[in-house]
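Everything below concerns the one structure shown next.
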Amino acid sequence: MCTIRVWFTKTGEASYISLLDLQRVMQRALKRSRLPVWYTLGFNPHIYMTFSVPLPLGQESLCETVDFKTEAEGYDWAGACDALSACLPQGIDVLRMAPAALDANEIASAAYTVCYDEKNAPAARAAWEAYNAVSSAEVVKEGKRGKKKAIDLKTHLPAASLREENGGLAVSMCLPAGNTLNINPALILAWLETEHALPAMAGSVLRTGVYIKNGERFA
């Protein structure tokens, strides 16, 4: 038995597909692609899948992954990308397929870019510069079972990198991700809206990379 990892994008309208619906989409796509996927045993066989660091609704990504199992040996998974992509909706494109090299528990952080158009760029720059200048930025993070915890965003993101892009503003950051601690960029956007009246919806969030503890990309 081998675990196969699929790297895929989730952009455009596909960013509004929830995790539950994404599971259904992937189930159907894997079945239609006729790839040698392993099914669970029992009365209702299904494909057992695992998504690492699921993406919040409305955010885009260039580096999502899903794992499934197979009993096939020596299969050309690299050549199967087009077959699976053809069965997926617009905005979800398979980038790579290969045996999983790392356990998802090793994920420690994720990189994001928040983009603002030319109209919102001045206000966004002022708000983000204010964030970079303050010593603390406390928010309340809601965890599993509704448990709430106060955290200081500056502990995990002392400063964000700002740059002009296509007449607008692009903000780059790296945040904790994984089982131990997961900081959603939406928490920072909400703080900016509360403290500096910058609408959270003014910025579009794109996940650009997922990393393990030593800083290497998750593979």
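Every chain in the structure tokens has a letter given in the order shown (A, B, ...), and although residue numbers restart at 1 in each chain, ligands are simply numbered from 1 in the order shown.
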Problem set entry | All strand (DSSP E or B) residues (DSSP, backbone) inside stretch 1-166 of chain A, as a ChimeraX atom specification | /A:2-10,39,47,50-51,60-70,94-99,107-116,138-142,148-152,161-165
For this session: Tell me, as a PyMOL selection string, which residues lie within 8 Å of A:Lys213, counting only C-alpha atoms; anything in the same chain fewer than 4 positions away does not count.
Result: chain A and resi 106-109
Would you put the residues from that selection into a file with C-alpha atoms, as an mmCIF file, in the first residue's frame?
```cif
data_model
loop_
_atom_site.group_PDB
_atom_site.id
_atom_site.type_symbol
_atom_site.label_atom_id
_atom_site.label_comp_id
_atom_site.auth_asym_id
_atom_site.auth_seq_id
_atom_site.Cartn_x
_atom_site.Cartn_y
_atom_site.Cartn_z
ATOM 1 C CA GLU A 106 5.533 17.941 9.775
ATOM 2 C CA ILE A 107 3.885 21.064 8.328
ATOM 3 C CA ALA A 108 4.820 24.135 10.373
ATOM 4 C CA SER A 109 4.003 27.234 8.310
#
```
Exercise. Using only C-alpha atoms, which of the listed residues (A:Ala159, A:Val210, A:Ala200, A:Cys87) sits closest to A:Ala110?
Worked result: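 Under the stated criterion, the closest residue is A:Val210.
Backbone DSSP assigns helix (DSSP H, G or I) in stretch 3-42 of chain A to Gly12, Glu13, Ala14, Ser15, Tyr16, Leu19, Leu20, Asp21, Leu22, Gln23, Arg24, Val25, Met26, Gln27, Arg28, Ala29, Leu30, Lys31, Arg32 and Ser33 of chain A.
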Seminar exercise, completed: Using only C-alpha atoms, the residue out of A:Ala104, A:Leu88, A:Cys115, A:Met26 with shortest distance to A:Leu206 is A:Cys115
Problem set entry | Top pick for closest residue to A:Ile92, considering A:Thr40, A:Thr194, A:Thr65, A:Ser33 and counting only C-alpha atoms |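 Among the listed residues, the smallest separation from A:Ile92 belongs to A:Thr65.
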For this session: Please identify all polymer residues within 8 Å of A:Ile4, counting only C-alpha atoms, omitting same-chain residues fewer than 6 positions from it, and present them as a list in words.
Result: Asp67, Phe68, Lys69, Thr70, Met97, Ala98, Pro99 and Ala100 of chain A
Selected residues written out, N, CA and C atoms, as an mmCIF file, in the first residue's frame:
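Okay, this is what ended up in result_33.cif:
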```cif
data_model
loop_
_atom_site.group_PDB
_atom_site.id
_atom_site.type_symbol
_atom_site.label_atom_id
_atom_site.label_comp_id
_atom_site.auth_asym_id
_atom_site.auth_seq_id
_atom_site.Cartn_x
_atom_site.Cartn_y
_atom_site.Cartn_z
ATOM 1 N N ASP A 67 -4.115 13.512 -0.205
ATOM 2 C CA ASP A 67 -3.490 12.195 -0.246
ATOM 3 C C ASP A 67 -4.550 11.113 -0.435
ATOM 4 N N PHE A 68 -4.204 10.083 -1.195
ATOM 5 C CA PHE A 68 -5.036 8.884 -1.285
ATOM 6 C C PHE A 68 -4.114 7.680 -1.363
ATOM 7 N N LYS A 69 -4.673 6.494 -1.193
ATOM 8 C CA LYS A 69 -3.855 5.286 -1.175
ATOM 9 C C LYS A 69 -4.053 4.462 -2.450
ATOM 10 N N THR A 70 -3.039 3.695 -2.770
ATOM 11 C CA THR A 70 -3.110 2.817 -3.938
ATOM 12 C C THR A 70 -2.322 1.538 -3.666
ATOM 13 N N MET A 97 1.712 14.777 -9.193
ATOM 14 C CA MET A 97 1.278 13.596 -8.450
ATOM 15 C C MET A 97 2.498 12.711 -8.241
ATOM 16 N N ALA A 98 2.685 12.261 -6.996
ATOM 17 C CA ALA A 98 3.844 11.424 -6.678
ATOM 18 C C ALA A 98 3.633 10.786 -5.311
ATOM 19 N N PRO A 99 4.368 9.714 -5.014
ATOM 20 C CA PRO A 99 4.301 9.134 -3.674
ATOM 21 C C PRO A 99 4.661 10.184 -2.626
ATOM 22 N N ALA A 100 3.914 10.223 -1.526
ATOM 23 C CA ALA A 100 4.150 11.216 -0.466
ATOM 24 C C ALA A 100 5.497 10.984 0.182
#
```
